[in-house]
>>> print(open('target33.cif').read())   # mmCIF, C-alpha atoms and all ligand atoms
data_input
loop_
_atom_site.label_atom_id
_atom_site.label_comp_id
_atom_site.auth_asym_id
_atom_site.auth_seq_id
_atom_site.Cartn_x
_atom_site.Cartn_y
_atom_site.Cartn_z
CA MET A 1 154.92 102.90 105.44
CA THR A 2 156.47 100.14 107.52
CA VAL A 3 154.67 99.68 110.81
CA PRO A 4 155.33 97.38 113.74
CA THR A 5 153.59 94.05 113.46
CA ARG A 6 151.76 94.42 116.75
CA ILE A 7 150.20 97.55 118.14
CA TYR A 8 148.86 97.61 121.69
CA LEU A 9 146.42 100.29 122.77
CA THR A 10 146.34 101.27 126.40
CA GLY A 11 144.57 104.01 128.33
CA PHE A 12 141.90 104.56 130.91
CA MET A 13 138.44 103.00 130.58
CA GLY A 14 136.42 105.05 128.12
CA SER A 15 139.42 106.55 126.32
CA GLY A 16 138.40 105.04 122.98
CA LYS A 17 140.64 101.96 122.69
CA SER A 18 137.83 99.75 121.40
CA THR A 19 136.47 102.42 119.06
CA LEU A 20 139.76 103.56 117.55
CA GLY A 21 141.32 100.09 117.52
CA PRO A 22 139.26 98.53 114.68
CA ARG A 23 139.67 101.67 112.54
CA ILE A 24 143.43 101.71 113.02
CA ALA A 25 143.50 98.00 112.15
CA ASP A 26 141.45 98.70 109.01
CA ARG A 27 143.83 101.38 107.81
CA LEU A 28 146.77 99.05 108.28
CA GLY A 29 145.08 95.92 106.94
CA TYR A 30 145.64 94.31 110.34
CA ASP A 31 143.31 92.22 112.51
CA PHE A 32 141.78 93.75 115.61
CA VAL A 33 141.54 92.00 118.96
CA ASP A 34 139.84 93.37 122.04
CA LEU A 35 141.48 91.61 124.97
CA ASP A 36 138.40 91.82 127.23
CA ARG A 37 136.15 90.30 124.53
CA HIS A 38 138.76 87.60 123.96
CA ILE A 39 138.67 86.71 127.66
CA GLU A 40 134.86 86.78 127.74
CA GLN A 41 134.62 84.43 124.77
CA ALA A 42 137.10 81.98 126.28
CA VAL A 43 135.55 81.99 129.76
CA GLY A 44 131.91 82.27 128.70
CA ASP A 45 131.25 85.07 131.23
CA THR A 46 131.31 88.85 130.94
CA VAL A 47 134.14 90.80 132.60
CA GLN A 48 131.58 91.95 135.14
CA GLU A 49 130.60 88.36 135.94
CA ILE A 50 134.25 87.32 136.26
CA PHE A 51 134.85 90.14 138.77
CA ALA A 52 131.66 89.24 140.67
CA ASN A 53 132.18 85.46 140.74
CA GLN A 54 135.95 85.11 140.91
CA GLY A 55 137.27 88.51 142.04
CA GLU A 56 139.69 91.02 140.54
CA GLU A 57 142.83 88.92 141.06
CA ALA A 58 141.37 86.06 139.01
CA PHE A 59 140.50 88.52 136.25
CA ARG A 60 144.07 89.91 136.30
CA ARG A 61 145.46 86.39 135.93
CA LEU A 62 143.21 85.76 132.93
CA GLU A 63 144.20 89.11 131.48
CA ALA A 64 147.93 88.32 131.73
CA GLU A 65 147.38 84.86 130.27
CA HIS A 66 145.29 86.08 127.32
CA LEU A 67 147.64 88.98 126.60
CA ARG A 68 150.36 86.41 126.01
CA ALA A 69 148.07 84.09 124.02
CA VAL A 70 146.91 86.76 121.54
CA SER A 71 150.44 88.04 121.08
CA HIS A 72 151.52 84.98 119.12
CA ALA A 73 149.95 86.40 115.97
CA ASP A 74 151.34 89.23 113.83
CA ARG A 75 149.73 92.19 112.06
CA MET A 76 147.38 92.95 114.88
CA VAL A 77 145.99 95.87 116.78
CA ILE A 78 145.20 94.80 120.34
CA ALA A 79 143.04 96.90 122.66
CA LEU A 80 144.04 96.19 126.26
CA GLY A 81 141.76 96.67 129.24
CA GLY A 82 142.55 99.84 131.19
CA GLY A 83 144.22 97.95 134.04
CA ALA A 84 146.41 95.59 132.01
CA VAL A 85 149.64 97.62 131.94
CA THR A 86 149.40 98.45 135.65
CA ARG A 87 151.07 95.06 136.13
CA GLU A 88 154.76 95.67 135.41
CA ASP A 89 155.23 92.34 133.67
CA ASN A 90 152.35 93.06 131.27
CA LEU A 91 153.73 96.52 130.55
CA ARG A 92 157.18 95.12 129.80
CA PHE A 93 155.70 92.31 127.71
CA ALA A 94 153.57 94.62 125.52
CA LYS A 95 156.51 96.99 124.98
CA LYS A 96 158.72 94.12 123.94
CA GLN A 97 156.20 92.45 121.63
CA GLY A 98 155.11 95.57 119.76
CA ARG A 99 154.48 99.29 119.98
CA LEU A 100 152.45 100.46 122.92
CA ILE A 101 150.24 103.50 122.39
CA TYR A 102 148.66 105.40 125.28
CA LEU A 103 145.37 107.03 124.30
CA ARG A 104 145.28 109.90 126.76
CA MET A 105 142.08 111.71 127.61
CA THR A 106 141.36 114.40 130.17
CA PRO A 107 139.67 113.24 133.41
CA ARG A 108 136.80 115.57 132.63
CA ARG A 109 136.05 113.97 129.27
CA LEU A 110 136.52 110.51 130.73
CA ALA A 111 133.94 111.31 133.40
CA ASP A 112 131.46 112.58 130.80
CA ARG A 113 131.91 109.47 128.68
CA LEU A 114 131.82 107.05 131.59
CA GLU A 115 128.71 108.46 133.26
CA LYS A 116 126.56 106.21 131.07
CA ARG A 117 129.02 103.35 130.86
CA ALA A 118 130.09 102.70 134.45
CA ALA A 119 127.60 99.83 134.82
CA SER A 120 129.73 97.42 132.79
CA ARG A 121 132.96 98.44 134.57
CA PRO A 122 133.44 96.87 137.99
CA MET A 123 136.38 99.17 138.79
CA LEU A 124 133.85 102.01 138.76
CA HIS A 125 131.46 100.33 141.18
CA GLU A 126 131.07 100.62 144.88
CA LYS A 127 129.16 98.10 146.96
CA GLY A 128 128.08 96.39 143.75
CA ARG A 129 126.62 99.53 142.17
CA PRO A 130 128.00 101.84 139.48
CA LEU A 131 129.27 105.20 140.74
CA SER A 132 127.97 108.42 139.22
CA GLY A 133 128.36 112.19 139.52
CA ASP A 134 130.95 113.43 142.01
CA ALA A 135 131.78 109.98 143.35
CA LEU A 136 132.53 108.78 139.81
CA ARG A 137 134.70 111.82 139.09
CA LYS A 138 136.67 111.22 142.28
CA ARG A 139 137.20 107.54 141.49
CA ILE A 140 138.38 108.38 137.96
CA ALA A 141 140.78 111.04 139.25
CA SER A 142 142.34 108.76 141.86
CA LEU A 143 142.64 105.68 139.60
CA LEU A 144 144.09 107.80 136.80
CA ALA A 145 146.61 109.36 139.18
CA GLU A 146 147.76 105.85 140.20
CA ARG A 147 147.91 104.59 136.65
CA GLU A 148 149.46 107.46 134.72
CA VAL A 149 152.93 106.36 135.74
CA PHE A 150 152.34 103.12 133.83
CA TYR A 151 150.46 104.56 130.88
CA GLU A 152 153.09 107.24 130.28
CA GLN A 153 155.73 104.58 129.69
CA ALA A 154 154.11 103.75 126.34
CA HIS A 155 156.20 104.25 123.20
CA ILE A 156 153.66 106.77 121.94
CA VAL A 157 151.45 109.05 124.04
CA MET A 158 148.57 110.44 122.04
CA ASP A 159 145.98 112.95 123.22
CA VAL A 160 142.56 111.83 122.05
CA GLY A 161 140.74 114.98 121.00
CA PRO A 162 136.99 115.67 121.00
CA GLY A 163 136.88 115.63 117.18
CA PRO A 164 135.60 112.85 114.91
CA VAL A 165 136.93 109.31 115.32
CA ASP A 166 138.65 109.51 111.95
CA SER A 167 140.73 112.52 112.93
CA ASN A 168 142.00 110.64 116.00
CA VAL A 169 142.73 107.60 113.84
CA SER A 170 144.75 109.84 111.52
CA LYS A 171 146.66 111.21 114.51
CA VAL A 172 147.64 107.67 115.51
CA MET A 173 148.76 106.91 111.97
CA GLU A 174 150.86 110.08 111.90
CA ALA A 175 152.39 109.25 115.27
CA LEU A 176 153.35 105.78 114.00
CA GLU A 177 154.91 107.36 110.94
CA ARG A 178 156.88 109.86 113.03
CA GLU A 179 158.12 107.03 115.25
CA ARG A 180 159.33 105.18 112.22
CA GLY A 181 161.26 108.21 111.02
CA LYS A 182 163.17 108.52 114.33
C1 LIG A 201 139.50 97.64 133.69
C2 LIG A 201 139.13 98.06 132.42
C3 LIG A 201 138.18 97.33 131.58
C4 LIG A 201 138.19 95.84 131.92
C5 LIG A 201 137.97 95.65 133.40
C6 LIG A 201 139.03 96.34 134.25
C7 LIG A 201 140.42 98.48 134.47
O1 LIG A 201 138.48 97.52 130.20
O2 LIG A 201 139.42 95.25 131.54
O3 LIG A 201 136.69 96.15 133.70
O4 LIG A 201 140.95 98.00 135.49
O5 LIG A 201 140.64 99.65 134.07
P1 LIG A 201 138.25 98.92 129.40
O6 LIG A 201 139.44 99.79 129.65
O7 LIG A 201 138.16 98.49 127.97
O8 LIG A 201 136.98 99.50 129.91
#
>>> encode(input="target33.cif", output="structure tokens")
Amino acid sequence: MTVPTRIYLTGFMGSGKSTLGPRIADRLGYDFVDLDRHIEQAVGDTVQEIFANQGEEAFRRLEAEHLRAVSHADRMVIALGGGAVTREDNLRFAKKQGRLIYLRMTPRRLADRLEKRAASRPMLHEKGRPLSGDALRKRIASLLAEREVFYEQAHIVMDVGPGPVDSNVSKVMEALERERGK
């Protein structure tokens, strides 16, 4: 099967980009890059620290810069942070440089998964503290509503099901194959 040389994964925080990404890369014999980890390694701070010390805008500038830097290489699966494609120029760039896949998950499942993981995600904080319960659900619903318009512009929209990771990986592989046959 011939696949595009760069595959970008987008989707809301907690939708499985960093879990599915390495497995998809494995199946294809590609390298995997997590854009947030790439930024953290270059800057020497965690995403959380960058938000706290330099603010969201500074993080978004780093994100745009690193998206371009990692995209020089071929045969890669790149997991983007959940906010990356909400900047039009990043969305256009990723779509031009490879195939963009939106890993879609229901707000309810996202909330369940993010309940324990909000601490490391500054977009899910309020007054410096991670949201939980109803407040978290409301934040997820409103952010997702704002962002869907960007996510849905991906070349492939794939619903991530509750089943095992491997079955979702297979669904991505099948979607790539179907795309190729178009
Ligand atoms: C963000 C998502 C995070 C990270 C940062 C901002 C967002 O990545 O880039 O905290 O705006 O949705 P994940 O989607 O991998 O959690």
>>> closest_atom_pairs(input="target33.cif", of="chain A", to="ligand LIG 201 (chain A)", cutoff="6 Å", atoms="all atoms listed in the file", output="Markdown table")
| residue | atom | partner | partner_atom | distance |
| --- | --- | --- | --- | --- |
| A:Phe12 | CA | A:LIG201 | O6 | 5.5 |
| A:Met13 | CA | A:LIG201 | O6 | 3.5 |
| A:Gly14 | CA | A:LIG201 | O8 | 5.9 |
| A:Asp36 | CA | A:LIG201 | O2 | 5.6 |
| A:Gly81 | CA | A:LIG201 | O1 | 3.5 |
| A:Gly82 | CA | A:LIG201 | O5 | 3.5 |
| A:Gly83 | CA | A:LIG201 | O4 | 3.6 |
| A:Arg121 | CA | A:LIG201 | O3 | 4.5 |
| A:Pro122 | CA | A:LIG201 | O3 | 5.4 |
| A:Met123 | CA | A:LIG201 | O4 | 5.8 |
>>> write_last_selection(input="target33.cif", atoms="C-alpha atoms", output="JSON list (two decimals), keeping the file's coordinate frame")
[["chain", "number", "residue", "atom", "x", "y", "z"],
["A", 12, "PHE", "CA", 141.90, 104.56, 130.91],
["A", 13, "MET", "CA", 138.44, 103.00, 130.58],
["A", 14, "GLY", "CA", 136.42, 105.05, 128.12],
["A", 36, "ASP", "CA", 138.40, 91.82, 127.23],
["A", 81, "GLY", "CA", 141.76, 96.67, 129.24],
["A", 82, "GLY", "CA", 142.55, 99.84, 131.19],
["A", 83, "GLY", "CA", 144.22, 97.95, 134.04],
["A", 121, "ARG", "CA", 132.96, 98.44, 134.57],
["A", 122, "PRO", "CA", 133.44, 96.87, 137.99],
["A", 123, "MET", "CA", 136.38, 99.17, 138.79]]
>>> closest_residue(input="target33.cif", among="A:Ile24, A:Pro107, A:Ala154, A:Ser170", to="Ser142 (chain A)", atoms="all atoms listed in the file")
A:Pro107
>>> residues_near_point(input="target33.cif", point="(129.7, 88.6, 137.4)", cutoff="12 Å", atoms="only C-alpha atoms", output="JSON, numbers by chain")
{"A": [40, 43, 44, 45, 46, 47, 48, 49, 50, 51, 52, 53, 54, 55, 56, 59, 119, 120, 121, 122, 128]}
>>> closest_residue(input="target33.cif", among="A:Lys17, A:Arg147, A:His66, A:His72", to="Glu88 (chain A)", atoms="all atoms listed in the file")
A:Arg147
>>> residues_around(input="target33.cif", residues="Glu179 (chain A)", least_positions_apart="4", cutoff="10 Å", atoms="all atoms listed in the file", output="list in words")
Val3, Arg99, His155, Ile156, Met173, Glu174 and Ala175 of chain A
>>> closest_residue(input="target33.cif", among="A:Gln153, A:Ser167, A:Ser15, A:Thr10", to="Arg117 (chain A)", atoms="all atoms listed in the file")
A:Ser15
>>> closest_residue(input="target33.cif", among="A:Glu126, A:Asp74, A:Asp166, A:Glu65", to="Ile7 (chain A)", atoms="all atoms listed in the file")
A:Asp74
>>> closest_residue(input="target33.cif", among="A:Ala69, A:Leu144, A:Ala64, A:Met76", to="Leu28 (chain A)", atoms="all atoms listed in the file")
A:Met76
>>> closest_residue(input="target33.cif", among="A:Val172, A:Ala25, A:Val157, A:Ile78", to="Arg104 (chain A)", atoms="all atoms listed in the file")
A:Val157
>>> residues_around(input="target33.cif", residues="Val77 (chain A)", least_positions_apart="4", cutoff="7 Å", atoms="all atoms listed in the file", output="number ranges by chain")
A: 6-8, 21, 25, 30-33
>>> residues_around(input="target33.cif", residues="Leu67 (chain A)", least_positions_apart="6", cutoff="9 Å", atoms="all atoms listed in the file", output="ChimeraX atom specification")
/A:35,78,80,84,90,93-94
>>> atom_distance(input="target33.cif", atom1="CA of Ile101 (chain A)", atom2="CA of His125 (chain A)")
26.8 Å
>>> atom_distance(input="target33.cif", atom1="CA of Leu110 (chain A)", atom2="CA of Ala79 (chain A)")
17.1 Å
>>> atom_distance(input="target33.cif", atom1="CA of Leu9 (chain A)", atom2="CA of Gln41 (chain A)")
19.9 Å
>>> residues_around(input="target33.cif", residues="Ala141 (chain A)", least_positions_apart="2", cutoff="12 Å", atoms="all atoms listed in the file", output="PyMOL selection string")
chain A and resi 12+105-111+124+134-139+143-148
>>> write_last_selection(input="target33.cif", atoms="C-alpha atoms", output="mmCIF file, in the frame of the given file")
data_model
loop_
_atom_site.group_PDB
_atom_site.id
_atom_site.type_symbol
_atom_site.label_atom_id
_atom_site.label_comp_id
_atom_site.auth_asym_id
_atom_site.auth_seq_id
_atom_site.Cartn_x
_atom_site.Cartn_y
_atom_site.Cartn_z
ATOM 1 C CA PHE A 12 141.900 104.560 130.910
ATOM 2 C CA MET A 105 142.080 111.710 127.610
ATOM 3 C CA THR A 106 141.360 114.400 130.170
ATOM 4 C CA PRO A 107 139.670 113.240 133.410
ATOM 5 C CA ARG A 108 136.800 115.570 132.630
ATOM 6 C CA ARG A 109 136.050 113.970 129.270
ATOM 7 C CA LEU A 110 136.520 110.510 130.730
ATOM 8 C CA ALA A 111 133.940 111.310 133.400
ATOM 9 C CA LEU A 124 133.850 102.010 138.760
ATOM 10 C CA ASP A 134 130.950 113.430 142.010
ATOM 11 C CA ALA A 135 131.780 109.980 143.350
ATOM 12 C CA LEU A 136 132.530 108.780 139.810
ATOM 13 C CA ARG A 137 134.700 111.820 139.090
ATOM 14 C CA LYS A 138 136.670 111.220 142.280
ATOM 15 C CA ARG A 139 137.200 107.540 141.490
ATOM 16 C CA LEU A 143 142.640 105.680 139.600
ATOM 17 C CA LEU A 144 144.090 107.800 136.800
ATOM 18 C CA ALA A 145 146.610 109.360 139.180
ATOM 19 C CA GLU A 146 147.760 105.850 140.200
ATOM 20 C CA ARG A 147 147.910 104.590 136.650
ATOM 21 C CA GLU A 148 149.460 107.460 134.720
#
>>> axis_aligned_box(input="target33.cif", around="region 144-156 of chain A", padding_each_side="4 Å", output="lines of an AutoDock Vina configuration file")
center_x = 150.1
center_y = 106.2
center_z = 131.1
size_x = 20.1
size_y = 14.2
size_z = 26.3
>>> build_atoms(input="target33.cif", residues="region 120-149 of chain A", atoms="N, CA and C atoms", output="JSON list (two decimals), keeping the file's coordinate frame")
[["chain", "number", "residue", "atom", "x", "y", "z"],
["A", 120, "SER", "N", 129.02, 98.61, 133.25],
["A", 120, "SER", "CA", 129.73, 97.42, 132.79],
["A", 120, "SER", "C", 131.19, 97.40, 133.26],
["A", 121, "ARG", "N", 131.56, 98.35, 134.14],
["A", 121, "ARG", "CA", 132.96, 98.44, 134.57],
["A", 121, "ARG", "C", 133.09, 98.32, 136.09],
["A", 122, "PRO", "N", 133.40, 97.11, 136.54],
["A", 122, "PRO", "CA", 133.44, 96.87, 137.99],
["A", 122, "PRO", "C", 134.41, 97.77, 138.76],
["A", 123, "MET", "N", 135.44, 98.29, 138.08],
["A", 123, "MET", "CA", 136.38, 99.17, 138.79],
["A", 123, "MET", "C", 135.72, 100.51, 139.12],
["A", 124, "LEU", "N", 134.57, 100.76, 138.50],
["A", 124, "LEU", "CA", 133.85, 102.01, 138.76],
["A", 124, "LEU", "C", 132.59, 101.75, 139.57],
["A", 125, "HIS", "N", 132.60, 100.66, 140.32],
["A", 125, "HIS", "CA", 131.46, 100.33, 141.18],
["A", 125, "HIS", "C", 131.85, 100.50, 142.64],
["A", 126, "GLU", "N", 130.85, 100.69, 143.45],
["A", 126, "GLU", "CA", 131.07, 100.62, 144.88],
["A", 126, "GLU", "C", 129.89, 99.88, 145.49],
["A", 127, "LYS", "N", 130.19, 98.95, 146.35],
["A", 127, "LYS", "CA", 129.16, 98.10, 146.96],
["A", 127, "LYS", "C", 128.24, 97.52, 145.89],
["A", 128, "GLY", "N", 128.85, 97.08, 144.79],
["A", 128, "GLY", "CA", 128.08, 96.39, 143.75],
["A", 128, "GLY", "C", 127.28, 97.30, 142.83],
["A", 129, "ARG", "N", 127.41, 98.62, 143.02],
["A", 129, "ARG", "CA", 126.62, 99.53, 142.17],
["A", 129, "ARG", "C", 127.52, 100.53, 141.46],
["A", 130, "PRO", "N", 127.17, 100.88, 140.20],
["A", 130, "PRO", "CA", 128.00, 101.84, 139.48],
["A", 130, "PRO", "C", 128.00, 103.22, 140.13],
["A", 131, "LEU", "N", 129.17, 103.84, 140.20],
["A", 131, "LEU", "CA", 129.27, 105.20, 140.74],
["A", 131, "LEU", "C", 128.75, 106.18, 139.71],
["A", 132, "SER", "N", 128.36, 107.37, 140.17],
["A", 132, "SER", "CA", 127.97, 108.42, 139.22],
["A", 132, "SER", "C", 128.29, 109.77, 139.85],
["A", 133, "GLY", "N", 128.17, 110.81, 139.03],
["A", 133, "GLY", "CA", 128.36, 112.19, 139.52],
["A", 133, "GLY", "C", 129.73, 112.40, 140.16],
["A", 134, "ASP", "N", 129.71, 113.08, 141.31],
["A", 134, "ASP", "CA", 130.95, 113.43, 142.01],
["A", 134, "ASP", "C", 131.77, 112.22, 142.42],
["A", 135, "ALA", "N", 131.08, 111.19, 142.89],
["A", 135, "ALA", "CA", 131.78, 109.98, 143.35],
["A", 135, "ALA", "C", 132.52, 109.33, 142.18],
["A", 136, "LEU", "N", 131.89, 109.35, 141.01],
["A", 136, "LEU", "CA", 132.53, 108.78, 139.81],
["A", 136, "LEU", "C", 133.74, 109.61, 139.43],
["A", 137, "ARG", "N", 133.57, 110.93, 139.45],
["A", 137, "ARG", "CA", 134.70, 111.82, 139.09],
["A", 137, "ARG", "C", 135.88, 111.60, 140.02],
["A", 138, "LYS", "N", 135.59, 111.43, 141.30],
["A", 138, "LYS", "CA", 136.67, 111.22, 142.28],
["A", 138, "LYS", "C", 137.37, 109.89, 142.03],
["A", 139, "ARG", "N", 136.60, 108.85, 141.75],
["A", 139, "ARG", "CA", 137.20, 107.54, 141.49],
["A", 139, "ARG", "C", 138.09, 107.60, 140.24],
["A", 140, "ILE", "N", 137.60, 108.26, 139.20],
["A", 140, "ILE", "CA", 138.38, 108.38, 137.96],
["A", 140, "ILE", "C", 139.69, 109.13, 138.25],
["A", 141, "ALA", "N", 139.58, 110.24, 138.97],
["A", 141, "ALA", "CA", 140.78, 111.04, 139.25],
["A", 141, "ALA", "C", 141.81, 110.23, 140.04],
["A", 142, "SER", "N", 141.35, 109.47, 141.04],
["A", 142, "SER", "CA", 142.34, 108.76, 141.86],
["A", 142, "SER", "C", 142.94, 107.56, 141.12],
["A", 143, "LEU", "N", 142.11, 106.83, 140.37],
["A", 143, "LEU", "CA", 142.64, 105.68, 139.60],
["A", 143, "LEU", "C", 143.61, 106.16, 138.53],
["A", 144, "LEU", "N", 143.23, 107.26, 137.87],
["A", 144, "LEU", "CA", 144.09, 107.80, 136.80],
["A", 144, "LEU", "C", 145.43, 108.26, 137.39],
["A", 145, "ALA", "N", 145.37, 108.89, 138.54],
["A", 145, "ALA", "CA", 146.61, 109.36, 139.18],
["A", 145, "ALA", "C", 147.53, 108.17, 139.48],
["A", 146, "GLU", "N", 146.95, 107.06, 139.92],
["A", 146, "GLU", "CA", 147.76, 105.85, 140.20],
["A", 146, "GLU", "C", 148.33, 105.25, 138.93],
["A", 147, "ARG", "N", 147.57, 105.34, 137.86],
["A", 147, "ARG", "CA", 147.91, 104.59, 136.65],
["A", 147, "ARG", "C", 148.76, 105.35, 135.64],
["A", 148, "GLU", "N", 148.74, 106.68, 135.73],
["A", 148, "GLU", "CA", 149.46, 107.46, 134.72],
["A", 148, "GLU", "C", 150.92, 107.07, 134.60],
["A", 149, "VAL", "N", 151.52, 106.73, 135.74],
["A", 149, "VAL", "CA", 152.93, 106.36, 135.74],
["A", 149, "VAL", "C", 153.18, 105.14, 134.83]]
